[in-house]
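Chemist: Here it is, the structure in full.
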Amino acid sequence: RIHFSDTAHFLTYTMQIVFPYRLAVILTLFMAADTAWALTTLQPPRASSFLPSLFSQQQRNKLKADILNLSRGTERGLTSTPAQQGELLNLFEQLEALNPTPKSLKSNLVNGVWNLEYTTSDSILGKGRNSFLSSKAKNPILQTINVDELSAENAETLDCLGGLFKLSNKVSARLEPKSDQFTEVQFQTFFVGPVSFDVPLGKFQGALDVTYVDEDLRLTRGDKGNIFVLTRQS
């Protein structure tokens, strides 16, 4: 314990020893706080904030290119071998896992006119169809979707008698969404050339499970286990 003989002694001790010590402590704390602030505010952004997103986009682009190259080499699936079908299904499932739009039916991205690039559906490919009717790969098979109006339309052009003349077919349908990506489909009217006829209610039903969609490509699964690859037409 320190004893002071007079006030002057006390003031001298305070100014020469205590004050410099307290000032040093204050300055040290301030500098520590200032350094901590600098470290937290001036550090560059962590790579983890953008690298995974960039990597996923690169993966998507690679998978999309591989799927389209394989699809177009099989005439929409018409000439695909079992090995090619297996390879495309594997690519299809990998891209599904990277879907950037999980609520596909809630997104405007699903709206528009889509061109069929590949399918495993024999009926759509025309397998077993009478030889005088054919849907060549050069003739587009289009699907138009409008989730705002809950409507859809499939359209194709058939070459008749070896291409002597063409016949346009289409079918309109109503969508009945059951989740953010799955919808039942009720076909309503068939058009065969200039002839049209309505479908009895409850007949000719289907389903669409939109498992992937972005600005230019859509993957869909049907109710019979078939898969569909489509690119945006408009």
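Letters A, B, ... go to the chains of the structure tokens in the order shown; residues in each chain start at 1; ligands are counted from 1 in the same order.
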If you count only C-alpha atoms, which residues fall within 6 Å of Leu217 of chain A, apart from same-chain ones fewer than 4 positions away, as a PyMOL selection string?

Modeler: chain A and resi 213+230-231

Chemist: Which residues, written as a list in words, have at least one atom at most 8 Å from Val110 of chain A, with only C-alpha atoms counted and residues fewer than 5 positions away on the same chain left out?

Modeler: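 Selected residues are Ser104, Leu105, Ile145, Asn146, Val147, Val213, Asp214 and Arg218 of chain A.
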
Chemist: Check the DSSP output for the backbone and give back, as a VMD selection string, the residues of segment 28-229 of chain A in strand (DSSP E).

Modeler: chain A and resid 112 to 119 133 to 134 141 to 146 151 to 160 165 to 177 182 to 192 195 to 198 205 to 213 217 to 222 227 to 229

Chemist: Please write the residues from the selection above to a file, keeping C-alpha atoms, as an mmCIF file, in the first residue's frame.

Modeler:
data_model
loop_
_atom_site.group_PDB
_atom_site.id
_atom_site.type_symbol
_atom_site.label_atom_id
_atom_site.label_comp_id
_atom_site.auth_asym_id
_atom_site.auth_seq_id
_atom_site.Cartn_x
_atom_site.Cartn_y
_atom_site.Cartn_z
ATOM 1 C CA GLY A 112 -43.728 -21.926 -73.424
ATOM 2 C CA VAL A 113 -43.343 -24.132 -76.474
ATOM 3 C CA TRP A 114 -41.012 -27.102 -76.013
ATOM 4 C CA ASN A 115 -39.415 -29.308 -78.660
ATOM 5 C CA LEU A 116 -39.129 -33.029 -77.898
ATOM 6 C CA GLU A 117 -35.500 -34.169 -78.138
ATOM 7 C CA TYR A 118 -35.796 -37.666 -76.645
ATOM 8 C CA THR A 119 -38.325 -40.026 -75.158
ATOM 9 C CA LEU A 133 -47.729 -42.686 -91.481
ATOM 10 C CA SER A 134 -44.404 -41.663 -89.964
ATOM 11 C CA ILE A 141 -42.931 -32.797 -81.896
ATOM 12 C CA LEU A 142 -43.950 -29.815 -79.825
ATOM 13 C CA GLN A 143 -45.518 -29.403 -76.397
ATOM 14 C CA THR A 144 -47.003 -26.102 -75.284
ATOM 15 C CA ILE A 145 -47.558 -25.522 -71.562
ATOM 16 C CA ASN A 146 -49.286 -22.670 -69.791
ATOM 17 C CA SER A 151 -53.514 -25.832 -70.305
ATOM 18 C CA ALA A 152 -51.248 -27.920 -72.524
ATOM 19 C CA GLU A 153 -51.066 -29.014 -76.120
ATOM 20 C CA ASN A 154 -49.063 -31.656 -77.969
ATOM 21 C CA ALA A 155 -48.569 -31.302 -81.725
ATOM 22 C CA GLU A 156 -46.761 -33.248 -84.432
ATOM 23 C CA THR A 157 -46.569 -33.434 -88.214
ATOM 24 C CA LEU A 158 -46.772 -36.816 -89.957
ATOM 25 C CA ASP A 159 -45.349 -37.644 -93.359
ATOM 26 C CA CYS A 160 -47.957 -39.615 -95.280
ATOM 27 C CA PHE A 165 -48.286 -35.038 -98.138
ATOM 28 C CA LYS A 166 -48.187 -34.020 -94.486
ATOM 29 C CA LEU A 167 -50.801 -34.416 -91.781
ATOM 30 C CA SER A 168 -50.846 -32.268 -88.660
ATOM 31 C CA ASN A 169 -52.048 -33.844 -85.436
ATOM 32 C CA LYS A 170 -52.505 -32.263 -82.039
ATOM 33 C CA VAL A 171 -54.293 -32.769 -78.755
ATOM 34 C CA SER A 172 -55.305 -30.191 -76.171
ATOM 35 C CA ALA A 173 -55.337 -30.977 -72.467
ATOM 36 C CA ARG A 174 -56.129 -29.549 -69.065
ATOM 37 C CA LEU A 175 -53.579 -29.642 -66.269
ATOM 38 C CA GLU A 176 -54.585 -30.601 -62.734
ATOM 39 C CA PRO A 177 -51.530 -29.949 -60.501
ATOM 40 C CA PHE A 182 -46.434 -33.040 -60.527
ATOM 41 C CA THR A 183 -49.644 -32.612 -62.485
ATOM 42 C CA GLU A 184 -52.293 -34.926 -63.826
ATOM 43 C CA VAL A 185 -53.284 -34.382 -67.448
ATOM 44 C CA GLN A 186 -56.824 -34.673 -68.802
ATOM 45 C CA PHE A 187 -56.837 -34.768 -72.602
ATOM 46 C CA GLN A 188 -59.765 -32.851 -74.029
ATOM 47 C CA THR A 189 -59.793 -32.557 -77.827
ATOM 48 C CA PHE A 190 -57.963 -34.422 -80.587
ATOM 49 C CA PHE A 191 -57.262 -32.799 -83.948
ATOM 50 C CA VAL A 192 -56.368 -34.993 -86.944
ATOM 51 C CA VAL A 195 -61.071 -33.170 -88.165
ATOM 52 C CA SER A 196 -61.498 -32.755 -84.399
ATOM 53 C CA PHE A 197 -63.337 -34.687 -81.717
ATOM 54 C CA ASP A 198 -63.744 -34.257 -77.978
ATOM 55 C CA GLN A 205 -55.594 -39.280 -68.909
ATOM 56 C CA GLY A 206 -51.902 -38.911 -68.191
ATOM 57 C CA ALA A 207 -49.455 -37.209 -65.868
ATOM 58 C CA LEU A 208 -46.359 -35.044 -65.985
ATOM 59 C CA ASP A 209 -43.673 -34.896 -63.333
ATOM 60 C CA VAL A 210 -41.427 -31.935 -64.196
ATOM 61 C CA THR A 211 -38.214 -33.000 -62.492
ATOM 62 C CA TYR A 212 -35.914 -30.389 -64.040
ATOM 63 C CA VAL A 213 -36.418 -27.044 -65.773
ATOM 64 C CA LEU A 217 -34.150 -27.405 -71.099
ATOM 65 C CA ARG A 218 -36.819 -29.459 -69.340
ATOM 66 C CA LEU A 219 -36.850 -33.040 -68.064
ATOM 67 C CA THR A 220 -40.172 -34.768 -67.454
ATOM 68 C CA ARG A 221 -41.340 -38.191 -66.302
ATOM 69 C CA GLY A 222 -44.653 -39.620 -67.485
ATOM 70 C CA ILE A 227 -38.845 -40.048 -69.676
ATOM 71 C CA PHE A 228 -38.841 -36.930 -71.862
ATOM 72 C CA VAL A 229 -36.110 -34.454 -72.768
#

Chemist: Set the distance at 12 Å and use only C-alpha atoms: which residues neighbour Leu91 of chain A once local chain neighbours fewer than 2 positions away are removed? I'd like the list as a VMD selection string.

Modeler: chain A and resid 59 to 71 84 to 89 93 to 98 219 227 229
